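Here's run_17.csv, which has CSV, C-alpha atoms and all ligand atoms:
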```csv
chain,number,residue,atom,x,y,z
A,282,MET,CA,110.8,125.5,84.7
A,283,LYS,CA,109.0,123.2,82.3
A,284,GLY,CA,106.3,122.2,84.7
A,285,ALA,CA,104.5,123.9,87.6
A,286,ILE,CA,102.8,121.9,90.3
A,287,PHE,CA,100.4,123.8,92.5
A,288,ASP,CA,99.0,122.9,95.9
A,289,LEU,CA,95.4,124.1,96.1
A,290,ASP,CA,94.3,125.2,99.5
A,291,GLY,CA,96.6,128.1,100.6
A,292,VAL,CA,98.2,128.6,97.2
A,293,ILE,CA,95.4,129.1,94.7
A,294,VAL,CA,92.4,129.6,97.0
A,295,ASP,CA,91.8,130.1,100.7
A,296,THR,CA,89.5,127.1,101.5
A,297,ALA,CA,91.2,126.7,104.9
A,298,LYS,CA,88.6,129.0,106.4
A,299,TYR,CA,85.8,126.7,105.3
A,300,HIS,CA,87.7,123.6,106.6
A,301,TYR,CA,88.0,125.4,109.9
A,302,LEU,CA,84.3,126.3,110.1
A,303,ALA,CA,83.3,122.8,109.3
A,304,TRP,CA,85.7,121.2,111.8
A,305,ARG,CA,84.6,123.7,114.4
A,306,GLU,CA,81.0,122.7,114.1
A,307,ILE,CA,82.0,119.0,114.4
A,308,ALA,CA,84.1,119.8,117.6
A,309,LYS,CA,81.1,121.7,119.1
A,310,GLU,CA,78.9,118.6,118.5
A,311,LEU,CA,81.6,116.5,120.2
A,312,GLY,CA,81.6,118.9,123.1
A,313,PHE,CA,84.7,121.0,122.8
A,314,ASP,CA,85.9,124.3,121.2
A,315,PHE,CA,88.2,124.2,118.3
A,316,HIS,CA,90.3,127.3,118.0
A,317,LYS,CA,91.8,129.0,115.0
A,318,SER,CA,95.3,128.5,116.4
A,319,ASP,CA,94.7,124.7,116.3
A,320,ASN,CA,93.5,125.0,112.8
A,321,GLU,CA,97.1,125.8,111.6
A,322,ARG,CA,97.9,122.1,112.3
A,323,LEU,CA,95.4,121.0,109.6
A,324,LYS,CA,97.0,122.8,106.7
A,325,GLY,CA,97.9,120.4,103.9
A,326,VAL,CA,96.9,117.4,106.1
A,327,SER,CA,94.5,114.7,104.7
A,328,ARG,CA,90.9,114.6,105.9
A,329,MET,CA,91.4,111.5,108.2
A,330,ALA,CA,94.7,112.9,109.6
A,331,SER,CA,92.9,116.2,110.3
A,332,LEU,CA,90.2,114.3,112.2
A,333,GLU,CA,92.9,112.6,114.3
A,334,ILE,CA,94.3,116.0,115.2
A,335,LEU,CA,90.8,117.3,116.1
A,336,LEU,CA,90.2,114.4,118.4
A,337,GLU,CA,93.6,114.9,120.0
A,338,VAL,CA,92.8,118.6,120.6
A,339,GLY,CA,89.4,117.5,122.2
A,340,GLY,CA,91.0,114.7,124.2
A,341,ILE,CA,88.6,112.2,122.6
A,342,LYS,CA,89.9,108.6,122.6
A,343,GLY,CA,88.7,105.2,121.8
A,344,LEU,CA,86.4,105.9,118.7
A,345,SER,CA,86.1,103.0,116.3
A,346,ASP,CA,87.2,103.3,112.7
A,347,ASN,CA,83.6,103.3,111.7
A,348,GLU,CA,82.7,106.2,114.0
A,349,LYS,CA,85.7,108.1,112.7
A,350,ALA,CA,84.7,107.6,109.1
A,351,ASN,CA,81.2,108.8,109.9
A,352,ILE,CA,82.5,112.0,111.6
A,353,ALA,CA,84.8,112.7,108.6
A,354,GLU,CA,81.9,112.2,106.2
A,355,LYS,CA,79.7,114.5,108.2
A,356,LYS,CA,82.5,117.2,108.2
A,357,ASN,CA,82.9,116.8,104.5
A,358,GLN,CA,79.2,117.3,103.8
A,359,ARG,CA,79.3,120.5,105.8
A,360,TYR,CA,82.4,121.6,104.0
A,361,VAL,CA,81.0,120.9,100.6
A,362,GLN,CA,77.8,122.8,101.5
A,363,MET,CA,80.0,125.8,102.5
A,364,LEU,CA,81.7,125.6,99.0
A,365,ALA,CA,78.3,126.1,97.3
A,366,ASP,CA,79.0,129.8,96.7
A,367,LEU,CA,82.7,129.6,96.1
A,368,ASP,CA,83.8,131.5,93.1
A,369,GLU,CA,86.8,133.1,91.3
A,370,ASP,CA,86.7,136.1,93.6
A,371,GLU,CA,88.0,133.9,96.4
A,372,MET,CA,91.2,133.0,94.6
A,373,LEU,CA,94.3,134.2,96.3
A,374,PRO,CA,95.9,137.4,94.9
A,375,GLY,CA,97.4,136.9,91.5
A,376,ALA,CA,96.8,133.2,91.3
A,377,LYS,CA,94.6,133.3,88.2
A,378,ASP,CA,96.9,135.7,86.4
A,379,TYR,CA,100.0,133.6,87.2
A,380,LEU,CA,98.3,130.4,85.9
A,381,HIS,CA,97.5,132.2,82.7
A,382,LYS,CA,101.0,133.6,82.4
A,383,LEU,CA,102.6,130.2,82.7
A,384,LYS,CA,100.1,128.7,80.3
A,385,GLY,CA,101.0,131.5,77.8
A,386,GLU,CA,104.7,130.6,78.2
A,387,GLY,CA,104.1,126.9,77.4
A,388,VAL,CA,104.8,125.7,81.0
A,389,LYS,CA,102.8,122.5,81.8
A,390,ILE,CA,100.6,122.9,84.8
A,391,ALA,CA,99.5,120.3,87.4
A,392,LEU,CA,97.7,120.2,90.7
A,393,GLY,CA,99.2,118.4,93.6
A,394,SER,CA,96.7,118.6,96.5
A,395,ALA,CA,95.6,116.5,99.4
A,396,SER,CA,92.0,117.5,98.9
A,397,LYS,CA,89.5,114.9,97.5
A,398,ASN,CA,87.3,117.9,96.6
A,399,SER,CA,89.9,119.4,94.2
A,400,PRO,CA,87.9,118.7,91.0
A,401,LEU,CA,84.8,120.4,92.4
A,402,ILE,CA,86.9,123.4,93.6
A,403,LEU,CA,88.7,123.8,90.2
A,404,GLU,CA,85.4,123.8,88.5
A,405,LYS,CA,83.9,126.4,90.8
A,406,LEU,CA,86.9,128.6,90.3
A,407,LYS,CA,86.6,128.1,86.5
A,408,ILE,CA,90.3,127.1,86.2
A,409,ALA,CA,90.0,123.3,85.6
A,410,ASP,CA,90.9,123.7,81.9
A,411,LEU,CA,94.2,125.3,82.8
A,412,PHE,CA,95.5,122.1,84.3
A,413,ASP,CA,97.3,119.5,82.2
A,414,ALA,CA,97.0,117.0,85.1
A,415,VAL,CA,95.3,116.8,88.5
A,416,VAL,CA,96.7,114.6,91.2
A,417,ASP,CA,94.9,114.8,94.5
A,418,GLY,CA,93.7,112.9,97.6
A,419,ASN,CA,91.6,110.7,95.3
A,420,SER,CA,94.7,109.3,93.5
A,421,VAL,CA,97.5,109.0,96.1
A,422,GLN,CA,98.1,106.5,98.9
A,423,LYS,CA,100.6,108.4,100.9
A,424,ALA,CA,100.1,111.9,102.3
A,425,LYS,CA,102.6,114.7,102.2
A,426,PRO,CA,105.4,114.8,103.4
A,427,ASP,CA,105.7,111.7,101.2
A,428,PRO,CA,106.5,113.0,97.7
A,429,GLU,CA,104.0,110.6,96.0
A,430,VAL,CA,101.5,113.3,95.0
A,431,PHE,CA,104.2,115.5,93.3
A,432,LEU,CA,106.0,112.5,91.7
A,433,LYS,CA,102.7,111.4,90.2
A,434,ALA,CA,102.0,114.9,89.0
A,435,ALA,CA,105.5,115.2,87.3
A,436,GLU,CA,104.9,111.7,85.7
A,437,ALA,CA,101.5,112.8,84.4
A,438,LEU,CA,103.2,115.9,82.8
A,439,LYS,CA,106.0,113.6,81.4
A,440,LEU,CA,108.6,115.6,83.2
A,441,LYS,CA,111.4,114.9,85.7
A,442,PRO,CA,111.2,116.4,89.2
A,443,ASP,CA,114.1,118.8,88.6
A,444,GLU,CA,112.2,120.2,85.6
A,445,CYS,CA,109.3,121.2,87.8
A,446,CYS,CA,108.6,123.7,90.5
A,447,VAL,CA,106.2,122.9,93.4
A,448,PHE,CA,104.3,125.8,94.9
A,449,GLU,CA,103.3,125.1,98.5
A,450,ASP,CA,101.9,126.7,101.6
A,451,SER,CA,102.5,123.9,104.1
A,452,GLN,CA,105.7,122.6,105.6
A,453,ALA,CA,104.6,119.0,104.9
A,454,GLY,CA,104.3,120.0,101.2
A,455,ILE,CA,107.7,121.8,101.1
A,456,ASP,CA,109.3,118.7,102.7
A,457,ALA,CA,107.5,116.4,100.2
A,458,ALA,CA,108.8,118.5,97.3
A,459,LEU,CA,112.3,118.5,98.5
A,460,LYS,CA,112.3,114.8,99.1
A,461,GLY,CA,111.1,114.3,95.5
A,462,GLY,CA,113.9,116.4,94.1
A,463,PHE,CA,111.6,119.3,93.0
A,464,HIS,CA,112.3,123.0,92.9
A,465,THR,CA,110.3,124.8,95.6
A,466,VAL,CA,108.5,128.1,96.0
A,467,ALA,CA,106.9,128.7,99.4
A,468,VAL,CA,103.7,130.7,99.4
A,469,ASP,CA,104.2,132.0,102.9
A,470,LYS,CA,103.0,135.4,103.9
A,471,ASP,CA,104.1,135.1,107.5
A,472,GLY,CA,107.5,133.6,107.0
A,473,VAL,CA,106.9,130.4,109.0
A,474,LEU,CA,108.2,127.8,106.4
A,475,TYR,CA,111.8,126.7,105.9
A,476,GLY,CA,113.9,124.7,103.4
A,477,TYR,CA,112.4,126.2,100.2
A,478,GLU,CA,114.3,127.9,97.4
A,479,LYS,CA,112.2,131.0,97.1
A,480,ARG,CA,109.5,132.6,99.2
A,481,VAL,CA,106.5,134.8,98.1
A,482,ALA,CA,103.6,136.1,99.9
A,483,CYS,CA,101.2,135.2,97.1
A,484,LEU,CA,101.5,134.0,93.5
A,485,GLY,CA,100.9,137.6,92.4
A,486,ASP,CA,104.5,138.4,93.6
A,487,LEU,CA,105.7,136.3,90.6
A,488,LEU,CA,103.9,138.2,87.9
A,489,TYR,CA,106.5,140.9,87.2
A,501,LIG,P1,89.5,117.3,101.7
A,501,LIG,P2,95.8,121.2,100.0
A,501,LIG,C1,94.3,120.2,101.9
A,501,LIG,O1,94.4,120.9,100.7
A,501,LIG,C2,93.9,121.2,103.1
A,501,LIG,O2,94.9,122.1,103.3
A,501,LIG,C3,93.6,120.4,104.3
A,501,LIG,O3,93.2,121.2,105.4
A,501,LIG,C4,92.5,119.3,104.1
A,501,LIG,O4,92.3,118.5,105.2
A,501,LIG,C5,93.0,118.4,102.9
A,501,LIG,O5,93.2,119.2,101.8
A,501,LIG,C6,92.0,117.4,102.5
A,501,LIG,O6,90.8,118.0,102.0
A,501,LIG,O7,88.8,117.0,103.0
A,501,LIG,O8,88.7,118.2,100.8
A,501,LIG,O9,89.8,116.0,101.0
A,501,LIG,O10,96.5,122.3,100.8
A,501,LIG,O11,96.6,119.9,100.0
A,501,LIG,O12,95.4,121.7,98.7
A,502,MG,MG,97.9,123.9,101.0
```

Go ahead and express the file in the form of structure tokens.
Amino acid sequence: MKGAIFDLDGVIVDTAKYHYLAWREIAKELGFDFHKSDNERLKGVSRMASLEILLEVGGIKGLSDNEKANIAEKKNQRYVQMLADLDEDEMLPGAKDYLHKLKGEGVKIALGSASKNSPLILEKLKIADLFDAVVDGNSVQKAKPDPEVFLKAAEALKLKPDECCVFEDSQAGIDAALKGGFHTVAVDKDGVLYGYEKRVACLGDLLY
């Protein structure tokens, strides 16, 4: 492995809980309950695609693009407020140590995330300087399972896909990595993903 490309939410940090709380508040304002089980569907999905899923769950139809954009913006403001106190302690087990281990071995490191808040989150976790490249929702047109985000990350590292391993917690992300010709590690505690080359419960499993 010459390059390691990490998804953010669910691999490095558990921000899914804050996405859930923010979407749940929005659902409440729209007049329905958004349950934790529905939240699974939002994993790795872009902000606007997440809103479409939320509206489907609530049976809400016929909103204009403008109304949808306003709702998504409101959700993001709540989410960013919730990130105010985010710190290194909320990183998933072994994530920081594994990033440092790879860095020490000379492996190039990139982020390949759907989140437009990635730069803020990396700063808060104090790990931004470990990344040689950051490709996220701000720099891609096509969401996972399209391989664009990982192909751009490999290109930024000046490596070929088969020289890189993608670390992912969503099926859309695993599918994207496979389509792009990458090696894959699923970060999947519950064993719900398929198609990957190796599965771990957390990055800490790769330390020894
Ligand atoms: P934002 P990842 C994804 O992060 C989250 O899993 C997903 O729930 C979220 O909707 C998406 O980022 C967009 O996030 O609203 O911050 O742009 O797993 O791709 O790192
Ligand atoms: Mg993820």

- Enumerate residues in contact with ligand MG 502 (chain A): an atom-to-atom distance of at most 10 Å, counting all atoms listed in the file. Format the result as an NGL selection string. :A and (287-297 or 323-326 or 393-396 or 448-454 or 468)

What residues have an atom no more than 12 Å from (110.1, 124.1, 87.1) in the file's own frame, counting only C-alpha atoms, and can you write them as JSON, numbers by chain?
{"A": [282, 283, 284, 285, 286, 287, 383, 387, 388, 389, 390, 391, 435, 438, 440, 441, 442, 443, 444, 445, 446, 447, 448, 458, 462, 463, 464, 465, 466, 478]}

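Close contacts of Lys397 of chain A, defined as residues with an atom at most 8 Å away when counting all atoms listed in the file, with chain neighbours fewer than 5 positions off set aside, comprise Asp417, Gly418 and Asn419 of chain A.
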
*asked:* My list of candidates is A:Gly312, A:Leu367, A:Lys356, A:Asn398. Which is closest to ligand LIG 501 (chain A) when distances are computed with only C-alpha atoms and all ligand atoms?
replied: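 The answer is A:Asn398, which sits nearest to ligand LIG 501 (chain A).
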
- Task: Quote the spacing between atom CA of Ser327 of chain A and atom CA of Ser399 of chain A in Å to one decimal place.
- Result: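 Value for the atom CA of Ser327 of chain A-atom CA of Ser399 of chain A distance: 12.4 Å.
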
Using only C-alpha atoms and all ligand atoms, the residue out of A:Val481, A:Ala424, A:Ala467, A:Ala376 with shortest distance to ligand LIG 501 (chain A) is A:Ala424

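Taking all atoms listed in the file, the non-local environment of Trp304 of chain A within 10 Å (same-chain residues fewer than 3 positions away omitted) comprises Lys298, Tyr299, His300, Tyr301, Ile307, Ala308, Lys309, Glu310, Asp314, Phe315, His316, Asn320, Leu323, Ser331, Leu332, Leu335, Ile352, Ala353, Lys355, Lys356, Asn357, Arg359 and Tyr360 of chain A.
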
message = Please compute the atom CA of Lys377 of chain A-atom CA of Ile455 of chain A distance, one decimal, in Å.
response =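 About the pair atom CA of Lys377 of chain A and atom CA of Ile455 of chain A: they are 21.7 Å apart.
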
Exercise for review: Kindly indicate which residue among A:Leu373, A:Leu344, A:Val415, A:Asp366 lies nearest to Asp486 of chain A, using all atoms listed in the file for the distances.
Suggested key: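 Looking at the shortest contact to Asp486 of chain A, the residue is A:Leu373.
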
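In this model, the gap between atom CA of Lys470 of chain A and atom CA of Leu487 of chain A comes to 13.6 Å.
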
Closest of A:Met372, A:Met329, A:Leu484, A:Ala434 to ligand LIG 501 (chain A), counting only C-alpha atoms and all ligand atoms, is A:Met329

Between A:Leu302, A:Leu488, A:Leu432, A:Leu336, smallest distance to Leu459 of chain A by all atoms listed in the file belongs to A:Leu432

Residue with the minimum atom-to-atom distance to ligand LIG 501 (chain A), picked from A:Phe313, A:Asn347, A:Lys382, A:Val416 with all atoms listed in the file counted, is A:Val416

Completion of segment 407-423 of chain A up to N, CA, C and O atoms, as a compact mmCIF listing (two decimals), keeping the file's coordinate frame:
```
# COMPACT_ATOMS: atom_id res chain seq x y z
N LYS A 407 86.54 128.01 87.96
CA LYS A 407 86.60 128.10 86.50
C LYS A 407 88.07 128.07 85.99
O LYS A 407 88.46 128.84 85.10
N ILE A 408 88.87 127.20 86.60
CA ILE A 408 90.30 127.10 86.20
C ILE A 408 90.66 125.67 85.80
O ILE A 408 91.82 125.39 85.51
N ALA A 409 89.67 124.75 85.81
CA ALA A 409 90.00 123.30 85.60
C ALA A 409 90.69 123.14 84.22
O ALA A 409 91.61 122.34 84.12
N ASP A 410 90.30 123.93 83.23
CA ASP A 410 90.90 123.70 81.90
C ASP A 410 92.33 124.21 81.79
O ASP A 410 93.00 123.94 80.80
N LEU A 411 92.83 124.90 82.81
CA LEU A 411 94.20 125.30 82.80
C LEU A 411 95.19 124.24 83.18
O LEU A 411 96.40 124.34 82.99
N PHE A 412 94.64 123.17 83.78
CA PHE A 412 95.50 122.10 84.30
C PHE A 412 95.68 120.96 83.32
O PHE A 412 94.72 120.41 82.80
N ASP A 413 96.95 120.60 83.09
CA ASP A 413 97.30 119.50 82.20
C ASP A 413 97.11 118.16 82.98
O ASP A 413 96.94 117.10 82.38
N ALA A 414 97.20 118.22 84.32
CA ALA A 414 97.00 117.00 85.10
C ALA A 414 96.56 117.42 86.53
O ALA A 414 96.90 118.49 87.03
N VAL A 415 95.74 116.55 87.11
CA VAL A 415 95.30 116.80 88.50
C VAL A 415 95.57 115.54 89.30
O VAL A 415 95.09 114.45 88.99
N VAL A 416 96.43 115.70 90.30
CA VAL A 416 96.70 114.60 91.20
C VAL A 416 96.32 115.09 92.60
O VAL A 416 96.77 116.15 93.04
N ASP A 417 95.44 114.34 93.26
CA ASP A 417 94.90 114.80 94.50
C ASP A 417 94.66 113.66 95.49
O ASP A 417 95.08 112.53 95.23
N GLY A 418 93.95 113.95 96.57
CA GLY A 418 93.70 112.90 97.60
C GLY A 418 92.95 111.71 97.07
O GLY A 418 92.93 110.67 97.73
N ASN A 419 92.34 111.82 95.88
CA ASN A 419 91.60 110.70 95.30
C ASN A 419 92.61 109.70 94.63
O ASN A 419 92.26 108.56 94.37
N SER A 420 93.83 110.16 94.32
CA SER A 420 94.70 109.30 93.50
C SER A 420 96.04 108.99 94.19
O SER A 420 96.93 108.42 93.56
N VAL A 421 96.20 109.34 95.46
CA VAL A 421 97.50 109.00 96.10
C VAL A 421 97.19 108.13 97.38
O VAL A 421 96.14 108.22 97.99
N GLN A 422 98.18 107.32 97.72
CA GLN A 422 98.10 106.50 98.90
C GLN A 422 98.74 107.14 100.10
O GLN A 422 98.29 107.01 101.23
N LYS A 423 99.85 107.84 99.80
CA LYS A 423 100.60 108.40 100.90
C LYS A 423 100.54 109.92 100.95
O LYS A 423 100.72 110.59 99.93
```
